[in-house]
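Step one of this worksheet: look at the structure below.
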Amino acid sequence: MKIRNLQRVEKRNAYPRGKAKGVSLRVAIAEEDGAQDLTMRIYEVDPGGYTPLHSHPWEHALFVVRGSGKILDGKNERRFERNDVLFIPADEKHQIKNNGEENLVVVSVIPIQEE
């Protein structure tokens with residue numbers, strides 16, 4: 001068992017420069033912690049920030065800790081807010097935008113990936 005304070009986890013840019021705006025992440029739980037099946041990442045998106053529109057071959061679950069925003073699939077957009085949970089199936093295009101006035105904080109749980 002491990003317990004770690006999130007403030008002690010390194011915060012870094014989530015995406016290469018030019019691919020997103022104002023998105024950082026902390027890897028809270030990963031394979032090096034002994035996890036065999038999942039990774040937990042905490043994303044922070046600045047007001048006006050966004051992830052790239054992208055897809056990948058794994059599903060993931062999101063929990064909105066703070067803030068509000070919208071998720072887009074290239075055609076449609078849906079709003080979400082604090083305490084909402086989101087499920088994104090494998091290979092589904094998605095982009096998250098923070099259209100609120102405070103930082104958006106989202107917990108993401110995904111399978112461990114071979115990078």
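Naming works like this for the structure tokens: A, B, ... for the chains as they're shown, residue 1 at the start of each chain, ligands 1 onward in shown order.
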
Next on the checklist: I want to know what sits within 6 Å of A:Asp91, based on only C-alpha atoms, with residues of the same chain fewer than 2 positions away left out; could you give that as a PyMOL selection string?
Outcome noted: chain A and resi 55-57

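For A:Tyr43, the set of protein, DNA and RNA residues having any atom at most 6 Å away, when counting only C-alpha atoms and skipping those fewer than 3 positions along the same chain, is Ser24, Leu25, Val105 and Val106 of chain A.
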
Could those selected residues go to a file with N, CA and C atoms, as a PDB file, in the first residue's frame?
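Okay, this is what ended up in part-v4.pdb:
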ATOM      1  N   SER A  24      -1.375  20.925 -17.454  1.00  0.00           N
ATOM      2  CA  SER A  24      -0.289  20.253 -16.739  1.00  0.00           C
ATOM      3  C   SER A  24      -0.827  18.979 -16.117  1.00  0.00           C
ATOM      4  N   LEU A  25       0.089  18.109 -15.707  1.00  0.00           N
ATOM      5  CA  LEU A  25      -0.343  16.870 -15.080  1.00  0.00           C
ATOM      6  C   LEU A  25       0.637  16.431 -14.009  1.00  0.00           C
ATOM      7  N   VAL A 105      -9.602  20.832 -12.535  1.00  0.00           N
ATOM      8  CA  VAL A 105      -8.794  19.722 -12.018  1.00  0.00           C
ATOM      9  C   VAL A 105      -9.568  18.432 -12.268  1.00  0.00           C
ATOM     10  N   VAL A 106      -8.929  17.501 -12.988  1.00  0.00           N
ATOM     11  CA  VAL A 106      -9.574  16.254 -13.390  1.00  0.00           C
ATOM     12  C   VAL A 106      -8.668  15.080 -13.049  1.00  0.00           C
TER      13      VAL A 106
END

Checklist entry - In chain A, what's helix (DSSP H, G or I) per DSSP? Answer as a PyMOL selection string? => result chain A and resi 6-8+31-33

Selection export as a PDB file, in the first residue's frame, atoms kept: N, CA and C atoms:
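See out17.pdb below for the written result:
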ATOM      1  N   LEU A   6      -0.352  14.591  -3.028  1.00  0.00           N
ATOM      2  CA  LEU A   6      -0.265  15.021  -4.421  1.00  0.00           C
ATOM      3  C   LEU A   6       0.660  16.214  -4.607  1.00  0.00           C
ATOM      4  N   GLN A   7       0.759  17.084  -3.613  1.00  0.00           N
ATOM      5  CA  GLN A   7       1.627  18.261  -3.738  1.00  0.00           C
ATOM      6  C   GLN A   7       3.103  17.879  -3.823  1.00  0.00           C
ATOM      7  N   ARG A   8       3.429  16.643  -3.464  1.00  0.00           N
ATOM      8  CA  ARG A   8       4.821  16.181  -3.547  1.00  0.00           C
ATOM      9  C   ARG A   8       5.134  15.483  -4.868  1.00  0.00           C
ATOM     10  N   GLU A  31       3.095   2.439 -12.791  1.00  0.00           N
ATOM     11  CA  GLU A  31       3.714   1.120 -12.708  1.00  0.00           C
ATOM     12  C   GLU A  31       4.851   1.084 -11.689  1.00  0.00           C
ATOM     13  N   GLU A  32       5.642   2.164 -11.630  1.00  0.00           N
ATOM     14  CA  GLU A  32       6.765   2.206 -10.680  1.00  0.00           C
ATOM     15  C   GLU A  32       6.310   2.221  -9.216  1.00  0.00           C
ATOM     16  N   ASP A  33       5.020   2.456  -8.999  1.00  0.00           N
ATOM     17  CA  ASP A  33       4.451   2.408  -7.645  1.00  0.00           C
ATOM     18  C   ASP A  33       3.942   1.009  -7.307  1.00  0.00           C
TER      19      ASP A  33
END

Could you pull the residues within 7 Å of A:Ile88, counting only C-alpha atoms, minus those fewer than 6 positions along the same chain, as a short mmCIF file (atom, residue, chain, number, x, y, z; two decimals) with C-alpha atoms, in the first residue's frame?
data_model
loop_
_atom_site.label_atom_id
_atom_site.label_comp_id
_atom_site.auth_asym_id
_atom_site.auth_seq_id
_atom_site.Cartn_x
_atom_site.Cartn_y
_atom_site.Cartn_z
CA GLU A 59 -10.62 3.82 -22.57
CA HIS A 60 -10.44 6.11 -19.59
CA ALA A 61 -12.51 7.39 -16.73
#

Next on the checklist: as a list in words, please: the residues near A:Asp46 (cut-off 7 Å, only C-alpha atoms, same-chain neighbours under 5 positions excluded).
Outcome noted: Gly22, Val23, Asn98, Asn103 and Leu104 of chain A

Neighbouring residues of A:Gln36 were defined as those with any atom within 12 Å, considering only C-alpha atoms; residues of the same chain fewer than 3 positions away were excluded. Please report them as a PDB file with C-alpha atoms, in the first residue's frame.
ATOM      1  CA  ILE A  29      -0.041   6.288  -9.394  1.00  0.00           C
ATOM      2  CA  ALA A  30       1.956   4.389 -12.000  1.00  0.00           C
ATOM      3  CA  GLU A  31       3.714   1.120 -12.708  1.00  0.00           C
ATOM      4  CA  GLU A  32       6.765   2.206 -10.680  1.00  0.00           C
ATOM      5  CA  ASP A  33       4.451   2.408  -7.645  1.00  0.00           C
ATOM      6  CA  THR A  39      -2.324   4.692 -14.023  1.00  0.00           C
ATOM      7  CA  MET A  40      -3.857   7.675 -12.237  1.00  0.00           C
ATOM      8  CA  ILE A 110      -6.295   4.682 -17.662  1.00  0.00           C
ATOM      9  CA  PRO A 111      -4.720   1.263 -18.245  1.00  0.00           C
ATOM     10  CA  ILE A 112      -0.930   1.104 -18.032  1.00  0.00           C
ATOM     11  CA  GLN A 113       0.463   1.780 -21.502  1.00  0.00           C
TER      12      GLN A 113
END

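From atom CA of A:Glu102 back to atom CA of A:Thr51, the distance works out to 16.2 Å.
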
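The shortest atom-to-atom distance to A:Pro52, with only C-alpha atoms taken into account, belongs to A:Gly18 out of A:Gly34, A:Gly100, A:Pro89, A:Gly18.
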
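Counting only C-alpha atoms and comparing A:Ala35, A:Ala20, A:Ala90, A:Ala14, the residue that lies closest to A:Met1 is A:Ala35.
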
Checklist outcome for this item: Restricting to only C-alpha atoms, whichever of A:Val109, A:Asn99, A:Arg26, A:Leu53 is closest to A:Gly67 is A:Asn99

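Between atom CA of A:Ser108 and atom CA of A:Ser68 the interatomic distance comes to 15.2 Å.
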